[in-house]
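S.K.: Take this structure, written in structure tokens, and hold onto it; I'll ask about it next.
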Amino acid sequence: MIKSSFFRAVMVAAGMLTAFVAATPASAEVVININKGNVQPLPIAVTDFLSNNELGPQISQVIAADLQRSGLFAPINKQAFIEKISDPGKTPRFEDWKVINAQALVTGRVTREGDGRLRAEFRLWDTYAGQQMTGQQFFTQPENWRRVAHIIADAIYKQITGENGYFDSRVVFVSESGPKNARQRNLAIMDQDGFNVRMLTNTKDIVLTPRFSPSRQEVTYMSFEGNQPRVYLLQLETGQREVVGNFPGMTFSPRFSPDGQKVIMSLQQEGNSNIYTMDLRSRTTTRLTSTSAIDTSPSYAPDGGRIAFESDRGGRPQIYVMNADGSGQTRISFGDGSYSTPVWSPRGDLIAFTKQSGGKFSIGVMKPDGSGERILTSGFHNEGPTWAPNGRVLMFFRQAAGAGGPQLYSIDLTGYNELQVKTPSYASDPAWSPLLE
């Protein structure tokens, strides 16, 4: 059984959060239009949250790091600050922040309640309009302080961009250790920034392709336990797991439907593989494709109406789209090379993929009709894209030439903000969770 305080809900007054200031007034000037392509990062000052221990500065440090990694914000060096915030509830001296080009300012405080809980509050200021944009407060157990920081960063992101953030989320991945010819692969989970890594399995059996449920704290994955490839469901809060089904062949690439009621997968029989769905309540299966080729890597559109998948029915792997009932199977990729691992964006507007061409592996995106293909990054071996819950950032794994093992990276849709997500061991097959509840 998995036991961790990570899964305890963040307790917030009056539900999940309490806002004590209204949304941005119409006259506020601070805004980022993230639909313009390559956006110039917004200079923002994130002050150390006042506290009587180290948690205040630590929370502000996580907030600043989240915002910076998004590529949309440029936190200003604290050594440049002129005003020393002594009361985050008071109006700051805006001129002191404008002179260092801080277009937005974050102040806050962390205190300990009588019952032992932490109270974290923050305020976001528009320095050029000279007014407060928003303010919120949160109550939680001390061990959840990093999650509070991520929630605050999400609130800042949404206030300034108008869209949901992605910082209060997690990533499940395959942790790889040991020599290359005897590599052990286990499931692990972490915060989206690479912190709070925990192992979910601890066996010598190979595990592959973990995927998050969109509606529950649950993942599906494939395991070769007992040399028998099976698809499993793992309950993250309890550690309980169960076999999805015993199929007379090898199963690949399991993934949940958007409502979490089905698992879609590829099932190999007699040398070829086709795509099936299984209803998790009735355990009945439905076959969606019927070819002599290899159909695999299915991924639902967020509305559940269509499915993207990979097939080599045309001679080499390409991306196809079909209706949820298997009808209307249509090829959408026509560029040079091979296409694989299609993943539909949570926004529904793009499909991410891996492309192999010219001796390189690339991560790219295209529209659901195949138009607008864009390569975001290329290298010796890049593979396995997964979307952040707001559909603005991708995570993938990279094997560099001559390197010991794969590592995780993230990149935004501009292709300019590529960052390594450091993990304690080699890592592959990342899968991003929805925003936590």
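Here, A, B, ... name the chains of the structure tokens in the order displayed, residue numbers run from 1 inside each chain, and ligands are numbered from 1 in the same displayed order.
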Apply DSSP to the backbone of this structure and, from stretch 132-218 of chain A, keep only the residues in alpha helix (DSSP H); write these as number ranges by chain.
M.R.: A: 145-161
S.K.: Those residues with N, CA and C atoms, as a PDB file, in the first residue's frame please?
M.R.:
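Everything below was put into result_5.pdb:
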ATOM      1  N   TRP A 145       3.223  22.280   1.605  1.00  0.00           N
ATOM      2  CA  TRP A 145       3.574  23.664   1.264  1.00  0.00           C
ATOM      3  C   TRP A 145       3.948  23.819  -0.205  1.00  0.00           C
ATOM      4  N   ARG A 146       4.585  22.808  -0.787  1.00  0.00           N
ATOM      5  CA  ARG A 146       4.944  22.933  -2.204  1.00  0.00           C
ATOM      6  C   ARG A 146       3.693  22.979  -3.081  1.00  0.00           C
ATOM      7  N   ARG A 147       2.679  22.210  -2.699  1.00  0.00           N
ATOM      8  CA  ARG A 147       1.465  22.235  -3.502  1.00  0.00           C
ATOM      9  C   ARG A 147       0.782  23.601  -3.414  1.00  0.00           C
ATOM     10  N   VAL A 148       0.790  24.214  -2.251  1.00  0.00           N
ATOM     11  CA  VAL A 148       0.227  25.559  -2.131  1.00  0.00           C
ATOM     12  C   VAL A 148       0.958  26.523  -3.058  1.00  0.00           C
ATOM     13  N   ALA A 149       2.284  26.397  -3.119  1.00  0.00           N
ATOM     14  CA  ALA A 149       3.060  27.260  -4.007  1.00  0.00           C
ATOM     15  C   ALA A 149       2.636  27.062  -5.459  1.00  0.00           C
ATOM     16  N   HIS A 150       2.426  25.815  -5.866  1.00  0.00           N
ATOM     17  CA  HIS A 150       1.982  25.554  -7.239  1.00  0.00           C
ATOM     18  C   HIS A 150       0.588  26.138  -7.495  1.00  0.00           C
ATOM     19  N   ILE A 151      -0.307  26.037  -6.520  1.00  0.00           N
ATOM     20  CA  ILE A 151      -1.651  26.585  -6.682  1.00  0.00           C
ATOM     21  C   ILE A 151      -1.597  28.104  -6.831  1.00  0.00           C
ATOM     22  N   ILE A 152      -0.745  28.754  -6.046  1.00  0.00           N
ATOM     23  CA  ILE A 152      -0.596  30.209  -6.165  1.00  0.00           C
ATOM     24  C   ILE A 152      -0.041  30.576  -7.538  1.00  0.00           C
ATOM     25  N   ALA A 153       0.954  29.821  -8.014  1.00  0.00           N
ATOM     26  CA  ALA A 153       1.503  30.085  -9.344  1.00  0.00           C
ATOM     27  C   ALA A 153       0.430  29.917 -10.411  1.00  0.00           C
ATOM     28  N   ASP A 154      -0.433  28.924 -10.265  1.00  0.00           N
ATOM     29  CA  ASP A 154      -1.536  28.746 -11.210  1.00  0.00           C
ATOM     30  C   ASP A 154      -2.481  29.941 -11.186  1.00  0.00           C
ATOM     31  N   ALA A 155      -2.761  30.458  -9.991  1.00  0.00           N
ATOM     32  CA  ALA A 155      -3.665  31.604  -9.873  1.00  0.00           C
ATOM     33  C   ALA A 155      -3.072  32.838 -10.553  1.00  0.00           C
ATOM     34  N   ILE A 156      -1.767  33.046 -10.393  1.00  0.00           N
ATOM     35  CA  ILE A 156      -1.098  34.172 -11.049  1.00  0.00           C
ATOM     36  C   ILE A 156      -1.123  33.997 -12.566  1.00  0.00           C
ATOM     37  N   TYR A 157      -0.796  32.798 -13.009  1.00  0.00           N
ATOM     38  CA  TYR A 157      -0.796  32.491 -14.440  1.00  0.00           C
ATOM     39  C   TYR A 157      -2.172  32.787 -15.054  1.00  0.00           C
ATOM     40  N   LYS A 158      -3.231  32.313 -14.400  1.00  0.00           N
ATOM     41  CA  LYS A 158      -4.572  32.506 -14.956  1.00  0.00           C
ATOM     42  C   LYS A 158      -4.979  33.973 -14.934  1.00  0.00           C
ATOM     43  N   GLN A 159      -4.621  34.685 -13.872  1.00  0.00           N
ATOM     44  CA  GLN A 159      -5.013  36.076 -13.774  1.00  0.00           C
ATOM     45  C   GLN A 159      -4.398  36.910 -14.897  1.00  0.00           C
ATOM     46  N   ILE A 160      -3.161  36.591 -15.266  1.00  0.00           N
ATOM     47  CA  ILE A 160      -2.461  37.410 -16.244  1.00  0.00           C
ATOM     48  C   ILE A 160      -2.664  36.920 -17.675  1.00  0.00           C
ATOM     49  N   THR A 161      -2.794  35.602 -17.874  1.00  0.00           N
ATOM     50  CA  THR A 161      -2.966  35.083 -19.234  1.00  0.00           C
ATOM     51  C   THR A 161      -4.414  34.847 -19.608  1.00  0.00           C
TER      52      THR A 161
END
S.K.: Fewer than 4 positions away in the same chain doesn't count, so skip those; otherwise give me all residues within 12 Å of A:Pro229, counting only C-alpha atoms, as a PyMOL selection string.
M.R.: chain A and resi 205-208+221-225+243-254+267-268
S.K.: Filtering to C-alpha atoms, could you give me those residues as a PDB file, in the first residue's frame?
M.R.:
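Ended up saving to out.pdb:
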ATOM      1  CA  ASP A 205       9.318  -6.815 -14.208  1.00  0.00           C
ATOM      2  CA  ILE A 206       9.320  -4.374 -17.109  1.00  0.00           C
ATOM      3  CA  VAL A 207       6.609  -1.694 -17.029  1.00  0.00           C
ATOM      4  CA  LEU A 208       5.649   0.521 -19.964  1.00  0.00           C
ATOM      5  CA  TYR A 221       0.054   0.780 -17.548  1.00  0.00           C
ATOM      6  CA  MET A 222       1.455  -2.341 -19.169  1.00  0.00           C
ATOM      7  CA  SER A 223       3.569  -4.832 -17.211  1.00  0.00           C
ATOM      8  CA  PHE A 224       5.404  -8.010 -18.154  1.00  0.00           C
ATOM      9  CA  GLU A 225       4.866  -9.518 -14.721  1.00  0.00           C
ATOM     10  CA  VAL A 243      -5.660  -6.519 -14.200  1.00  0.00           C
ATOM     11  CA  VAL A 244      -7.810  -4.860 -16.857  1.00  0.00           C
ATOM     12  CA  GLY A 245      -8.182  -8.141 -18.684  1.00  0.00           C
ATOM     13  CA  ASN A 246      -6.404 -11.307 -19.729  1.00  0.00           C
ATOM     14  CA  PHE A 247      -6.174 -11.152 -23.494  1.00  0.00           C
ATOM     15  CA  PRO A 248      -4.851 -13.956 -25.756  1.00  0.00           C
ATOM     16  CA  GLY A 249      -2.043 -11.774 -27.058  1.00  0.00           C
ATOM     17  CA  MET A 250       0.182  -8.847 -26.218  1.00  0.00           C
ATOM     18  CA  THR A 251      -1.468  -5.546 -25.298  1.00  0.00           C
ATOM     19  CA  PHE A 252       0.104  -2.137 -25.922  1.00  0.00           C
ATOM     20  CA  SER A 253      -0.397   1.540 -25.218  1.00  0.00           C
ATOM     21  CA  PRO A 254      -3.405   1.556 -22.859  1.00  0.00           C
ATOM     22  CA  LEU A 267      -4.091  -5.902 -28.944  1.00  0.00           C
ATOM     23  CA  GLN A 268      -1.730  -8.093 -30.962  1.00  0.00           C
TER      24      GLN A 268
END
S.K.: Can you list, as a VMD selection string, every protein, DNA or RNA residue that comes within 12 Å of A:Glu113 when you count only C-alpha atoms, leaving out same-chain residues fewer than 3 positions away?
M.R.: chain A and resid 110 116 to 120 138 to 142
S.K.: For the strand (DSSP E or B) assignment from backbone DSSP, which residues of stretch 67-287 of chain A qualify? Please present them as a ChimeraX atom specification.
M.R.: /A:73-75,104-112,118-126,131-140,170-177,184-191,198-199,207-212,218-223,230-235,241-245,251-256,262-269,272-279,285-287
S.K.: Identify, on the basis of only C-alpha atoms, every residue whose closest approach to stretch 365-377 of chain A does not exceed 6 Å; exclude the query and any residue fewer than 3 positions from it along the same chain; express the result as a list in words.
M.R.: Ile332, Ser333, Leu350, Ile351, Ala352, Ser362 and Gly415 of chain A
S.K.: For the residues in the current selection, export C-alpha atoms as a compact mmCIF listing (two decimals), in the first residue's frame.
M.R.:
# COMPACT_ATOMS: atom_id res chain seq x y z
CA ILE A 332 -3.65 12.83 -41.68
CA SER A 333 0.19 12.75 -41.77
CA LEU A 350 -3.60 19.95 -31.87
CA ILE A 351 -2.18 16.43 -31.99
CA ALA A 352 1.38 15.93 -30.75
CA SER A 362 11.46 14.99 -33.58
CA GLY A 415 9.58 25.60 -29.41
S.K.: Could you give me, as a PyMOL selection string, the residues within 12 Å of A:Pro389, counting only C-alpha atoms and dropping anything in the same chain fewer than 2 positions from it?
M.R.: chain A and resi 154+163-171+192+212+214+302+344-348+386-387+391-395+431-436
S.K.: For A:Leu42, please output as JSON, numbers by chain all residues within 8 Å (counting only C-alpha atoms; exclusion window: fewer than 5 positions along the same chain).
M.R.: {"A": [32, 72, 73, 74, 103]}
S.K.: For the residues in that selection, give me N, CA and C atoms as an mmCIF file, in the first residue's frame.
M.R.:
data_model
loop_
_atom_site.group_PDB
_atom_site.id
_atom_site.type_symbol
_atom_site.label_atom_id
_atom_site.label_comp_id
_atom_site.auth_asym_id
_atom_site.auth_seq_id
_atom_site.Cartn_x
_atom_site.Cartn_y
_atom_site.Cartn_z
ATOM 1 N N ILE A 32 -0.887 38.993 -20.672
ATOM 2 C CA ILE A 32 -0.068 38.311 -21.664
ATOM 3 C C ILE A 32 -1.004 37.636 -22.654
ATOM 4 N N LEU A 72 6.701 32.362 -19.972
ATOM 5 C CA LEU A 72 5.893 33.570 -20.118
ATOM 6 C C LEU A 72 6.254 34.664 -19.124
ATOM 7 N N PHE A 73 7.051 34.311 -18.113
ATOM 8 C CA PHE A 73 7.388 35.255 -17.062
ATOM 9 C C PHE A 73 8.900 35.283 -16.854
ATOM 10 N N ALA A 74 9.406 36.452 -16.484
ATOM 11 C CA ALA A 74 10.823 36.622 -16.183
ATOM 12 C C ALA A 74 10.950 37.190 -14.777
ATOM 13 N N GLN A 103 6.589 44.700 -13.986
ATOM 14 C CA GLN A 103 5.243 45.022 -14.427
ATOM 15 C C GLN A 103 4.173 44.397 -13.537
#
S.K.: Fewer than 2 positions away in the same chain doesn't count, so skip those; otherwise give me all residues within 9 Å of stretch 417-428 of chain A, counting only C-alpha atoms, as an NGL selection string.
M.R.: :A and (69-71 or 173-177 or 185 or 190 or 192-195 or 197 or 208-209 or 377 or 383-384 or 395-398 or 404-415 or 430)
S.K.: Under the rule that only C-alpha atoms are counted, which of A:Arg230, A:Arg313, A:Arg109, A:Lys180 is the nearest residue to A:Ile85?
M.R.: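 Counting only C-alpha atoms, the residue closest to A:Ile85 is A:Arg109.
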S.K.: Could you build a table of the residues in stretch 206-234 of chain A lying no more than 12 Å from stretch 275-287 of chain A, giving for each the nearest pair of atoms and their separation in Å rounded to one decimal place, using only C-alpha atoms, ordered by chain and ascending residue number, as CSV?
M.R.:
residue,atom,partner,partner_atom,distance
A:Ser213,CA,A:Leu280,CA,11.9
A:Thr220,CA,A:Leu280,CA,11.5
A:Val231,CA,A:Met278,CA,11.1
A:Tyr232,CA,A:Leu280,CA,11.5
A:Leu233,CA,A:Leu280,CA,10.0
S.K.: Filtering to C-alpha atoms, could you give me those residues as an mmCIF file, in the first residue's frame?
M.R.:
data_model
loop_
_atom_site.group_PDB
_atom_site.id
_atom_site.type_symbol
_atom_site.label_atom_id
_atom_site.label_comp_id
_atom_site.auth_asym_id
_atom_site.auth_seq_id
_atom_site.Cartn_x
_atom_site.Cartn_y
_atom_site.Cartn_z
ATOM 1 C CA SER A 213 -7.115 8.728 -15.609
ATOM 2 C CA THR A 220 -3.148 2.403 -16.352
ATOM 3 C CA VAL A 231 -2.668 -4.022 -18.711
ATOM 4 C CA TYR A 232 -3.110 -2.964 -15.093
ATOM 5 C CA LEU A 233 -5.041 -0.283 -13.222
#
S.K.: What separation in Å, quoted to one decimal, exists between atom CA of A:Lys262 and atom CA of A:Thr238?
M.R.: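 Computed distance, atom CA of A:Lys262 to atom CA of A:Thr238, equals 20.9 Å.
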S.K.: Please determine, counting only C-alpha atoms, which residue among A:Gln132, A:Gln318, A:Gln235, A:Ser299 has the shortest atom-to-atom distance to A:Gln217.
M.R.: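 With only C-alpha atoms as the atom set, the closest residue is A:Gln235.
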S.K.: Quick check, in Å to one decimal: how far apart do atom CA of A:Gln240 and atom CA of A:Glu143 lie?
M.R.: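 Value for the atom CA of A:Gln240-atom CA of A:Glu143 distance: 23.9 Å.
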S.K.: In Å to one decimal, how far is atom CA of A:Lys78 from atom CA of A:Arg93?
M.R.: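 That distance, rounded to one decimal, is 15.9 Å.
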